[in-house]
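Listing of target10.cif, mmCIF, C-alpha atoms and all ligand atoms
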```cif
data_entry
#
loop_
_atom_site.group_PDB
_atom_site.id
_atom_site.type_symbol
_atom_site.label_atom_id
_atom_site.label_comp_id
_atom_site.auth_asym_id
_atom_site.auth_seq_id
_atom_site.Cartn_x
_atom_site.Cartn_y
_atom_site.Cartn_z
ATOM 1 C CA MET A 182 0.627 -16.240 -14.733
ATOM 2 C CA ILE A 183 -1.314 -12.974 -14.736
ATOM 3 C CA ILE A 184 -5.028 -13.509 -14.060
ATOM 4 C CA ARG A 185 -7.022 -10.837 -15.901
ATOM 5 C CA LYS A 186 -10.326 -9.803 -14.374
ATOM 6 C CA SER A 187 -13.682 -9.397 -16.099
ATOM 7 C CA ALA A 188 -15.588 -6.133 -15.828
ATOM 8 C CA ALA A 189 -17.874 -7.762 -13.226
ATOM 9 C CA GLU A 190 -14.876 -8.934 -11.188
ATOM 10 C CA ILE A 191 -13.368 -5.449 -11.305
ATOM 11 C CA GLU A 192 -16.640 -4.095 -9.901
ATOM 12 C CA LYS A 193 -16.339 -6.574 -7.013
ATOM 13 C CA ILE A 194 -12.795 -5.413 -6.298
ATOM 14 C CA ALA A 195 -14.057 -1.824 -6.414
ATOM 15 C CA ARG A 196 -16.711 -2.674 -3.799
ATOM 16 C CA ALA A 197 -13.990 -4.135 -1.566
ATOM 17 C CA GLY A 198 -11.909 -1.058 -2.361
ATOM 18 C CA LYS A 199 -14.647 1.258 -1.163
ATOM 19 C CA VAL A 200 -14.552 -0.471 2.212
ATOM 20 C CA VAL A 201 -10.752 -0.201 2.273
ATOM 21 C CA ARG A 202 -11.003 3.535 1.622
ATOM 22 C CA GLY A 203 -13.683 4.085 4.257
ATOM 23 C CA CYS A 204 -11.587 2.169 6.751
ATOM 24 C CA LEU A 205 -8.458 4.193 5.967
ATOM 25 C CA ASP A 206 -10.440 7.430 6.329
ATOM 26 C CA ALA A 207 -11.738 6.295 9.748
ATOM 27 C CA LEU A 208 -8.221 5.341 10.823
ATOM 28 C CA ARG A 209 -6.773 8.659 9.676
ATOM 29 C CA ALA A 210 -9.387 10.475 11.750
ATOM 30 C CA ALA A 211 -8.595 8.336 14.810
ATOM 31 C CA VAL A 212 -4.823 8.787 14.692
ATOM 32 C CA ALA A 213 -3.627 11.083 17.497
ATOM 33 C CA PRO A 214 -0.907 11.227 20.123
ATOM 34 C CA GLY A 215 -1.608 8.687 22.888
ATOM 35 C CA VAL A 216 -3.623 6.280 20.737
ATOM 36 C CA ALA A 217 -2.353 2.674 20.820
ATOM 37 C CA THR A 218 -2.000 0.881 17.496
ATOM 38 C CA ARG A 219 -4.115 -2.020 18.785
ATOM 39 C CA ASP A 220 -6.994 0.452 19.231
ATOM 40 C CA LEU A 221 -6.672 1.287 15.537
ATOM 41 C CA ASP A 222 -6.686 -2.438 14.746
ATOM 42 C CA ARG A 223 -9.966 -2.914 16.622
ATOM 43 C CA LEU A 224 -11.523 0.102 14.929
ATOM 44 C CA ALA A 225 -10.497 -1.251 11.524
ATOM 45 C CA GLU A 226 -11.787 -4.761 12.137
ATOM 46 C CA ASP A 227 -15.142 -3.400 13.364
ATOM 47 C CA TYR A 228 -15.400 -1.105 10.357
ATOM 48 C CA ILE A 229 -14.568 -3.829 7.828
ATOM 49 C CA ARG A 230 -16.884 -6.479 9.320
ATOM 50 C CA SER A 231 -19.765 -4.017 9.750
ATOM 51 C CA HIS A 232 -19.469 -3.306 6.015
ATOM 52 C CA GLY A 233 -19.715 -7.008 5.152
ATOM 53 C CA GLY A 234 -16.020 -7.586 4.551
ATOM 54 C CA VAL A 235 -13.272 -9.662 6.107
ATOM 55 C CA PRO A 236 -9.871 -8.186 7.054
ATOM 56 C CA THR A 237 -7.663 -9.983 4.543
ATOM 57 C CA PHE A 238 -4.458 -9.706 6.557
ATOM 58 C CA LYS A 239 -5.834 -11.386 9.704
ATOM 59 C CA GLY A 240 -4.368 -14.868 9.868
ATOM 60 C CA TYR A 241 -2.488 -14.439 6.582
ATOM 61 C CA ARG A 242 0.524 -16.713 7.134
ATOM 62 C CA GLY A 243 -0.284 -16.298 10.828
ATOM 63 C CA PHE A 244 -0.332 -12.480 10.894
ATOM 64 C CA PRO A 245 -2.145 -11.546 14.127
ATOM 65 C CA GLY A 246 -3.547 -8.123 13.201
ATOM 66 C CA SER A 247 -6.430 -6.992 10.995
ATOM 67 C CA ILE A 248 -4.258 -4.212 9.560
ATOM 68 C CA CYS A 249 -0.576 -3.283 9.490
ATOM 69 C CA THR A 250 0.551 -0.285 11.557
ATOM 70 C CA SER A 251 4.109 0.813 10.804
ATOM 71 C CA PRO A 252 5.483 3.901 12.588
ATOM 72 C CA ASN A 253 8.527 6.015 11.676
ATOM 73 C CA ASP A 254 11.480 3.854 10.590
ATOM 74 C CA MET A 255 9.238 0.805 10.202
ATOM 75 C CA VAL A 256 8.633 0.360 6.498
ATOM 76 C CA VAL A 257 5.684 -2.087 6.471
ATOM 77 C CA HIS A 258 4.094 -5.145 8.144
ATOM 78 C CA GLY A 259 3.927 -3.724 11.678
ATOM 79 C CA ILE A 260 1.795 -5.741 14.102
ATOM 80 C CA PRO A 261 -0.686 -3.540 16.007
ATOM 81 C CA GLY A 262 -0.002 -3.602 19.728
ATOM 82 C CA VAL A 263 0.390 -1.585 22.897
ATOM 83 C CA THR A 264 2.699 0.990 21.304
ATOM 84 C CA ARG A 265 1.223 4.464 21.749
ATOM 85 C CA LEU A 266 1.603 7.073 19.054
ATOM 86 C CA LYS A 267 3.569 10.223 19.853
ATOM 87 C CA GLU A 268 3.312 13.763 18.543
ATOM 88 C CA GLY A 269 5.590 14.037 15.509
ATOM 89 C CA ASP A 270 5.434 10.351 14.516
ATOM 90 C CA ILE A 271 4.449 9.224 11.078
ATOM 91 C CA LEU A 272 2.335 6.061 10.829
ATOM 92 C CA GLY A 273 1.885 3.705 7.888
ATOM 93 C CA LEU A 274 -1.594 2.140 7.753
ATOM 94 C CA ASP A 275 -2.116 -0.787 5.379
ATOM 95 C CA VAL A 276 -5.594 -2.293 4.918
ATOM 96 C CA GLY A 277 -6.800 -5.282 2.895
ATOM 97 C CA VAL A 278 -10.469 -6.238 2.572
ATOM 98 C CA THR A 279 -12.018 -9.402 1.149
ATOM 99 C CA LEU A 280 -15.596 -8.963 -0.086
ATOM 100 C CA GLU A 281 -17.522 -11.317 -2.394
ATOM 101 C CA ASP A 282 -14.316 -13.407 -2.767
ATOM 102 C CA PHE A 283 -12.271 -10.475 -4.105
ATOM 103 C CA ILE A 284 -9.581 -8.449 -2.397
ATOM 104 C CA ALA A 285 -8.606 -4.776 -2.456
ATOM 105 C CA ASP A 286 -5.460 -3.445 -0.801
ATOM 106 C CA ALA A 287 -4.367 0.118 -0.034
ATOM 107 C CA ALA A 288 -2.114 2.050 2.322
ATOM 108 C CA ILE A 289 -1.476 5.578 3.512
ATOM 109 C CA THR A 290 1.127 7.137 5.778
ATOM 110 C CA VAL A 291 -0.245 9.809 8.074
ATOM 111 C CA PRO A 292 1.189 12.404 10.456
ATOM 112 C CA VAL A 293 0.566 12.093 14.196
ATOM 113 C CA GLY A 294 -0.119 15.669 15.279
ATOM 114 C CA GLU A 295 2.449 18.106 13.929
ATOM 115 C CA ILE A 296 5.380 16.542 12.083
ATOM 116 C CA GLY A 297 8.701 17.949 10.937
ATOM 117 C CA GLU A 298 9.171 19.507 7.526
ATOM 118 C CA GLY A 299 11.385 16.643 6.375
ATOM 119 C CA ALA A 300 8.854 14.000 7.311
ATOM 120 C CA GLY A 301 6.100 15.959 5.586
ATOM 121 C CA GLU A 302 8.158 16.182 2.406
ATOM 122 C CA LEU A 303 8.801 12.402 2.487
ATOM 123 C CA LEU A 304 5.070 11.703 2.705
ATOM 124 C CA ARG A 305 4.261 14.147 -0.082
ATOM 125 C CA VAL A 306 6.879 12.725 -2.475
ATOM 126 C CA THR A 307 5.957 9.112 -1.675
ATOM 127 C CA GLU A 308 2.282 9.752 -2.421
ATOM 128 C CA GLU A 309 3.169 11.653 -5.599
ATOM 129 C CA SER A 310 5.309 8.725 -6.751
ATOM 130 C CA LEU A 311 2.313 6.394 -6.374
ATOM 131 C CA TYR A 312 0.325 8.580 -8.781
ATOM 132 C CA LYS A 313 3.273 8.723 -11.206
ATOM 133 C CA GLY A 314 3.179 4.916 -11.251
ATOM 134 C CA ILE A 315 -0.601 4.741 -11.607
ATOM 135 C CA GLU A 316 -0.432 7.065 -14.610
ATOM 136 C CA ARG A 317 1.650 4.409 -16.442
ATOM 137 C CA CYS A 318 -0.869 1.673 -15.653
ATOM 138 C CA ARG A 319 -2.163 1.427 -19.235
ATOM 139 C CA ALA A 320 -2.753 -1.340 -21.762
ATOM 140 C CA GLY A 321 0.329 -1.785 -23.939
ATOM 141 C CA ASN A 322 2.730 -0.473 -21.299
ATOM 142 C CA ARG A 323 4.964 -2.798 -19.306
ATOM 143 C CA VAL A 324 5.314 -3.226 -15.551
ATOM 144 C CA GLY A 325 8.743 -1.583 -15.785
ATOM 145 C CA ASP A 326 7.101 1.623 -16.958
ATOM 146 C CA ILE A 327 5.344 1.849 -13.600
ATOM 147 C CA SER A 328 8.514 0.931 -11.719
ATOM 148 C CA HIS A 329 10.621 3.485 -13.536
ATOM 149 C CA ALA A 330 8.122 6.323 -13.060
ATOM 150 C CA VAL A 331 8.087 5.748 -9.296
ATOM 151 C CA GLN A 332 11.861 5.488 -8.999
ATOM 152 C CA GLU A 333 12.570 8.537 -11.126
ATOM 153 C CA HIS A 334 10.314 10.779 -9.020
ATOM 154 C CA VAL A 335 11.594 9.481 -5.697
ATOM 155 C CA GLU A 336 15.293 9.655 -6.517
ATOM 156 C CA ALA A 337 14.925 13.174 -7.984
ATOM 157 C CA HIS A 338 14.022 14.199 -4.410
ATOM 158 C CA GLY A 339 16.999 12.377 -2.865
ATOM 159 C CA TYR A 340 15.056 9.494 -1.329
ATOM 160 C CA SER A 341 15.533 5.793 -1.956
ATOM 161 C CA VAL A 342 13.253 2.987 -3.141
ATOM 162 C CA VAL A 343 13.098 -0.192 -1.065
ATOM 163 C CA ARG A 344 14.284 -3.055 -3.287
ATOM 164 C CA SER A 345 13.252 -6.184 -1.397
ATOM 165 C CA LEU A 346 9.499 -5.443 -1.185
ATOM 166 C CA VAL A 347 7.304 -4.905 -4.226
ATOM 167 C CA GLY A 348 3.714 -4.361 -5.358
ATOM 168 C CA HIS A 349 1.689 -7.202 -6.809
ATOM 169 C CA GLY A 350 -1.279 -8.400 -8.783
ATOM 170 C CA VAL A 351 -4.414 -8.756 -6.681
ATOM 171 C CA GLY A 352 -7.780 -10.475 -7.127
ATOM 172 C CA ARG A 353 -9.052 -13.644 -5.470
ATOM 173 C CA SER A 354 -5.616 -13.855 -3.844
ATOM 174 C CA MET A 355 -3.827 -11.013 -2.110
ATOM 175 C CA HIS A 356 -0.567 -11.654 -3.929
ATOM 176 C CA GLU A 357 -0.868 -12.616 -7.582
ATOM 177 C CA ASP A 358 1.452 -12.164 -10.533
ATOM 178 C CA PRO A 359 2.993 -9.922 -11.630
ATOM 179 C CA GLN A 360 5.371 -8.471 -9.078
ATOM 180 C CA VAL A 361 5.468 -4.676 -9.369
ATOM 181 C CA PRO A 362 8.856 -3.328 -8.261
ATOM 182 C CA ASN A 363 9.170 0.372 -7.498
ATOM 183 C CA PHE A 364 12.493 0.574 -9.318
ATOM 184 C CA GLY A 365 13.955 -0.565 -12.616
ATOM 185 C CA PRO A 366 14.102 0.338 -16.300
ATOM 186 C CA SER A 367 11.045 1.283 -18.346
ATOM 187 C CA GLY A 368 10.099 -0.923 -21.304
ATOM 188 C CA LYS A 369 10.810 -4.157 -19.381
ATOM 189 C CA GLY A 370 8.680 -6.696 -17.570
ATOM 190 C CA PRO A 371 5.247 -8.161 -18.300
ATOM 191 C CA ARG A 372 2.981 -6.312 -20.734
ATOM 192 C CA LEU A 373 -0.162 -4.723 -19.254
ATOM 193 C CA SER A 374 -3.548 -5.375 -20.838
ATOM 194 C CA VAL A 375 -7.179 -4.589 -20.051
ATOM 195 C CA GLY A 376 -8.301 -6.551 -16.988
ATOM 196 C CA VAL A 377 -4.947 -6.562 -15.200
ATOM 197 C CA VAL A 378 -5.378 -5.409 -11.575
ATOM 198 C CA LEU A 379 -2.328 -4.293 -9.599
ATOM 199 C CA ALA A 380 -1.593 -3.136 -6.057
ATOM 200 C CA ILE A 381 1.007 -0.430 -6.639
ATOM 201 C CA GLU A 382 2.803 0.461 -3.421
ATOM 202 C CA PRO A 383 5.954 2.576 -3.268
ATOM 203 C CA MET A 384 7.923 2.066 -0.041
ATOM 204 C CA ILE A 385 10.301 5.002 0.185
ATOM 205 C CA ASN A 386 13.116 5.657 2.644
ATOM 206 C CA MET A 387 14.600 8.987 3.578
ATOM 207 C CA GLY A 388 18.034 7.342 3.858
ATOM 208 C CA GLY A 389 19.353 4.188 2.199
ATOM 209 C CA TYR A 390 17.149 1.487 0.706
ATOM 210 C CA ASP A 391 18.359 -1.425 2.839
ATOM 211 C CA VAL A 392 15.844 -2.906 5.254
ATOM 212 C CA GLU A 393 15.865 -5.572 7.960
ATOM 213 C CA VAL A 394 13.271 -7.774 9.650
ATOM 214 C CA GLY A 395 12.360 -6.979 13.267
ATOM 215 C CA ALA A 396 12.466 -9.406 16.198
ATOM 216 C CA ASP A 397 8.767 -10.307 15.768
ATOM 217 C CA GLY A 398 9.546 -11.800 12.358
ATOM 218 C CA TRP A 399 7.066 -9.501 10.595
ATOM 219 C CA SER A 400 7.996 -5.853 10.938
ATOM 220 C CA ILE A 401 10.411 -4.440 8.377
ATOM 221 C CA TYR A 402 12.646 -1.536 9.402
ATOM 222 C CA THR A 403 15.027 0.723 7.529
ATOM 223 C CA LYS A 404 18.541 -0.493 8.250
ATOM 224 C CA ASP A 405 19.868 3.016 8.892
ATOM 225 C CA GLY A 406 16.944 4.048 11.113
ATOM 226 C CA SER A 407 15.704 6.670 8.661
ATOM 227 C CA LEU A 408 11.989 7.389 8.220
ATOM 228 C CA SER A 409 9.981 5.463 5.643
ATOM 229 C CA GLY A 410 6.742 6.260 3.796
ATOM 230 C CA HIS A 411 4.248 3.900 2.127
ATOM 231 C CA PHE A 412 1.244 4.648 -0.084
ATOM 232 C CA GLU A 413 -0.747 2.074 -2.031
ATOM 233 C CA HIS A 414 -3.767 1.801 -4.312
ATOM 234 C CA THR A 415 -5.375 -1.116 -6.114
ATOM 235 C CA VAL A 416 -5.624 -0.122 -9.785
ATOM 236 C CA ALA A 417 -7.287 -1.764 -12.817
ATOM 237 C CA VAL A 418 -6.086 -1.396 -16.392
ATOM 238 C CA THR A 419 -9.209 -0.467 -18.378
ATOM 239 C CA GLU A 420 -9.945 0.550 -21.955
ATOM 240 C CA ASN A 421 -10.106 4.101 -20.658
ATOM 241 C CA GLY A 422 -6.783 3.978 -18.825
ATOM 242 C CA PRO A 423 -6.010 3.387 -15.166
ATOM 243 C CA ARG A 424 -8.953 3.088 -12.774
ATOM 244 C CA ILE A 425 -8.188 3.375 -9.069
ATOM 245 C CA LEU A 426 -10.390 0.871 -7.224
ATOM 246 C CA THR A 427 -9.563 1.840 -3.638
ATOM 247 C CA VAL A 428 -11.632 5.034 -3.645
ATOM 248 C CA ASP A 429 -15.096 6.085 -2.489
HETATM 249 MG MG MG B 501 -0.021 -4.745 -1.051
#
```
Encoded form using structure tokens:
Amino acid sequence: MIIRKSAAEIEKIARAGKVVRGCLDALRAAVAPGVATRDLDRLAEDYIRSHGGVPTFKGYRGFPGSICTSPNDMVVHGIPGVTRLKEGDILGLDVGVTLEDFIADAAITVPVGEIGEGAGELLRVTEESLYKGIERCRAGNRVGDISHAVQEHVEAHGYSVVRSLVGHGVGRSMHEDPQVPNFGPSGKGPRLSVGVVLAIEPMINMGGYDVEVGADGWSIYTKDGSLSGHFEHTVAVTENGPRILTVD
């Protein structure tokens, strides 16, 4: 069941989203060769709590980190740890914040120092595909319209869309209905209406779309070892079209 949000509830999600964005900006600025991902986790937790929020991921089904840090061929759900970033890595950063009982969720993938042309292109196309999806986030459209817009853009550039992980509704819970796949036909799936709030999050591989779970039971890797990008925003369907809530 899709839980539509009132205008006041959407404002609460936007306040959580502002903290998510500030946290992601601080993380982006801190990313550099030699930095350990657990240092980023500490920075994020301090930032979120000092802005009155709670890191939503911490303790979620036992997840030990405050954020997810997913380098290179890791798609999502990386546990921050002693791993140090290296020049030329790419790093997925996923942040969820709970504030006033509502949750906002967003992700970016950032370069560590100078990265190769191919990796840069993957990040550019993945982020573009997120905005293609957001553009379809309108009352009267269907979830499949978002999915199709993402897939079409990604595959036109020769990349692949992860199948087994999807975006989601978000509100008082981090994962609400509907699921928002990043692939599939337009014109299908649940109908969007004013008050629907979605976390849209393309996970895009340079090689094939198959993924596998790492030894820690959390991290998800590309099966073929190719690089993977991830960008995410929390978006509300409003009378005036899509409103991105994870912004300043
Ligand atoms: Mg999400």
Next item on the list: Work out how far apart CA of Ala320 (chain A) and CA of Arg344 (chain A) are and give it in Å to one decimal.
Entry: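 That distance, rounded to one decimal, is 25.2 Å.
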Apply the PyMOL selection byres (((not hetatm)) within 9 of (chain B and resi 501)) to the structure shown and report the selected residues as an mmCIF file with C-alpha atoms, in the frame of the given file.
```
data_model
loop_
_atom_site.group_PDB
_atom_site.id
_atom_site.type_symbol
_atom_site.label_atom_id
_atom_site.label_comp_id
_atom_site.auth_asym_id
_atom_site.auth_seq_id
_atom_site.Cartn_x
_atom_site.Cartn_y
_atom_site.Cartn_z
ATOM 1 C CA ASP A 275 -2.116 -0.787 5.379
ATOM 2 C CA VAL A 276 -5.594 -2.293 4.918
ATOM 3 C CA GLY A 277 -6.800 -5.282 2.895
ATOM 4 C CA ALA A 285 -8.606 -4.776 -2.456
ATOM 5 C CA ASP A 286 -5.460 -3.445 -0.801
ATOM 6 C CA ALA A 287 -4.367 0.118 -0.034
ATOM 7 C CA ALA A 288 -2.114 2.050 2.322
ATOM 8 C CA VAL A 347 7.304 -4.905 -4.226
ATOM 9 C CA GLY A 348 3.714 -4.361 -5.358
ATOM 10 C CA HIS A 349 1.689 -7.202 -6.809
ATOM 11 C CA GLY A 350 -1.279 -8.400 -8.783
ATOM 12 C CA VAL A 351 -4.414 -8.756 -6.681
ATOM 13 C CA MET A 355 -3.827 -11.013 -2.110
ATOM 14 C CA HIS A 356 -0.567 -11.654 -3.929
ATOM 15 C CA LEU A 379 -2.328 -4.293 -9.599
ATOM 16 C CA ALA A 380 -1.593 -3.136 -6.057
ATOM 17 C CA ILE A 381 1.007 -0.430 -6.639
ATOM 18 C CA GLU A 382 2.803 0.461 -3.421
ATOM 19 C CA GLU A 413 -0.747 2.074 -2.031
ATOM 20 C CA HIS A 414 -3.767 1.801 -4.312
ATOM 21 C CA THR A 415 -5.375 -1.116 -6.114
#
```
Would you translate the PyMOL selection byres (((chain A and resi 402-411) around 8) and not hetatm) into the concrete set of residues it matches in this file, as an mmCIF file with C-alpha atoms, in the coordinates of the input?
```
data_model
loop_
_atom_site.group_PDB
_atom_site.id
_atom_site.type_symbol
_atom_site.label_atom_id
_atom_site.label_comp_id
_atom_site.auth_asym_id
_atom_site.auth_seq_id
_atom_site.Cartn_x
_atom_site.Cartn_y
_atom_site.Cartn_z
ATOM 1 C CA ASN A 253 8.527 6.015 11.676
ATOM 2 C CA ASP A 254 11.480 3.854 10.590
ATOM 3 C CA MET A 255 9.238 0.805 10.202
ATOM 4 C CA VAL A 256 8.633 0.360 6.498
ATOM 5 C CA VAL A 257 5.684 -2.087 6.471
ATOM 6 C CA GLY A 273 1.885 3.705 7.888
ATOM 7 C CA ALA A 288 -2.114 2.050 2.322
ATOM 8 C CA ILE A 289 -1.476 5.578 3.512
ATOM 9 C CA THR A 290 1.127 7.137 5.778
ATOM 10 C CA ALA A 300 8.854 14.000 7.311
ATOM 11 C CA LEU A 303 8.801 12.402 2.487
ATOM 12 C CA LEU A 304 5.070 11.703 2.705
ATOM 13 C CA THR A 307 5.957 9.112 -1.675
ATOM 14 C CA GLU A 308 2.282 9.752 -2.421
ATOM 15 C CA GLU A 382 2.803 0.461 -3.421
ATOM 16 C CA PRO A 383 5.954 2.576 -3.268
ATOM 17 C CA MET A 384 7.923 2.066 -0.041
ATOM 18 C CA ILE A 385 10.301 5.002 0.185
ATOM 19 C CA ASN A 386 13.116 5.657 2.644
ATOM 20 C CA MET A 387 14.600 8.987 3.578
ATOM 21 C CA GLY A 388 18.034 7.342 3.858
ATOM 22 C CA GLY A 389 19.353 4.188 2.199
ATOM 23 C CA TYR A 390 17.149 1.487 0.706
ATOM 24 C CA ASP A 391 18.359 -1.425 2.839
ATOM 25 C CA VAL A 392 15.844 -2.906 5.254
ATOM 26 C CA GLU A 393 15.865 -5.572 7.960
ATOM 27 C CA VAL A 394 13.271 -7.774 9.650
ATOM 28 C CA GLY A 395 12.360 -6.979 13.267
ATOM 29 C CA SER A 400 7.996 -5.853 10.938
ATOM 30 C CA ILE A 401 10.411 -4.440 8.377
ATOM 31 C CA PHE A 412 1.244 4.648 -0.084
ATOM 32 C CA GLU A 413 -0.747 2.074 -2.031
#
```
Check: When the PyMOL selection byres (((chain A and resi 207) around 12) and not hetatm) is applied to the file above, which residues end up in the set, as number ranges by chain?
Finding: A: 200-206, 208-212, 221-229, 274, 276
Notebook entry, point to check: With distances taken over all atoms listed in the file, which of A:Lys369, A:Lys239, A:Lys267, A:Arg185 is nearest to Asp326 (chain A)?
Noted result: A:Lys369
Next item on the list: Using only C-alpha atoms, find the one residue out of A:Asp397, A:Asp220, A:Glu190, A:Glu302 that sits nearest to Gly339 (chain A).
Entry: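 The closest residue to Gly339 (chain A) is A:Glu302.
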Check: If you count only C-alpha atoms, which residues fall within 7 Å of Val428 (chain A), apart from same-chain ones fewer than 3 positions away, as number ranges by chain?
Finding: A: 198-199, 202, 425
Residues just named, written with C-alpha atoms as a PDB file, in the coordinates of the input:
```pdb
ATOM      1  CA  GLY A 198     -11.909  -1.058  -2.361  1.00  0.00           C
ATOM      2  CA  LYS A 199     -14.647   1.258  -1.163  1.00  0.00           C
ATOM      3  CA  ARG A 202     -11.003   3.535   1.622  1.00  0.00           C
ATOM      4  CA  ILE A 425      -8.188   3.375  -9.069  1.00  0.00           C
TER       5      ILE A 425
END
```
Check: Mind pulling up the distance from CA of Gly365 (chain A) to CA of His334 (chain A)?
Finding: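 The value is 12.4 Å.
For the atom pair formed by CA of Pro371 (chain A) and CA of Ile327 (chain A), the distance is 11.1 Å, given to one decimal.
Distances here use all atoms listed in the file; by that measure, the residue among A:Arg230, A:His329, A:His338, A:Arg319 closest to Thr419 (chain A) is A:Arg319.
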Output as lines of an AutoDock Vina configuration file the centre and edge lengths (Å, one decimal) of the box along x, y and z of the file that holds every listed atom of region 246-265 of chain A after adding 4 Å on each side.
```
center_x = 2.5
center_y = -1.1
center_z = 14.7
size_x = 25.9
size_y = 22.1
size_z = 24.4
```
Checklist line | Option closest in space to Gly370 (chain A), from A:Leu346, A:Val324, A:Trp399, A:Pro245 [counting only C-alpha atoms] | finding: A:Val324
Might you pull out every residue within 10 Å of Gly297 (chain A), with all atoms listed in the file counted and same-chain residues fewer than 6 positions away left off, and present them as an mmCIF file with C-alpha atoms, in the frame of the given file?
```cif
data_model
loop_
_atom_site.group_PDB
_atom_site.id
_atom_site.type_symbol
_atom_site.label_atom_id
_atom_site.label_comp_id
_atom_site.auth_asym_id
_atom_site.auth_seq_id
_atom_site.Cartn_x
_atom_site.Cartn_y
_atom_site.Cartn_z
ATOM 1 C CA GLY A 269 5.590 14.037 15.509
ATOM 2 C CA ASP A 270 5.434 10.351 14.516
ATOM 3 C CA ILE A 271 4.449 9.224 11.078
#
```
Margin query: Restricting the calculation to all atoms listed in the file: of A:Ser310, A:Gln360, A:Thr237, A:Ser247, which residue gets closest to Glu336 (chain A)?
Written below: A:Ser310
Near-Leu272 (chain A) list (6 Å; all atoms listed in the file; drop same-chain fewer than 4 positions) as a PDB file with C-alpha atoms, in the frame of the given file:
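Printed below is part09.pdb as written:
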```pdb
ATOM      1  CA  SER A 251       4.109   0.813  10.804  1.00  0.00           C
ATOM      2  CA  PRO A 252       5.483   3.901  12.588  1.00  0.00           C
ATOM      3  CA  THR A 290       1.127   7.137   5.778  1.00  0.00           C
ATOM      4  CA  VAL A 291      -0.245   9.809   8.074  1.00  0.00           C
TER       5      VAL A 291
END
```
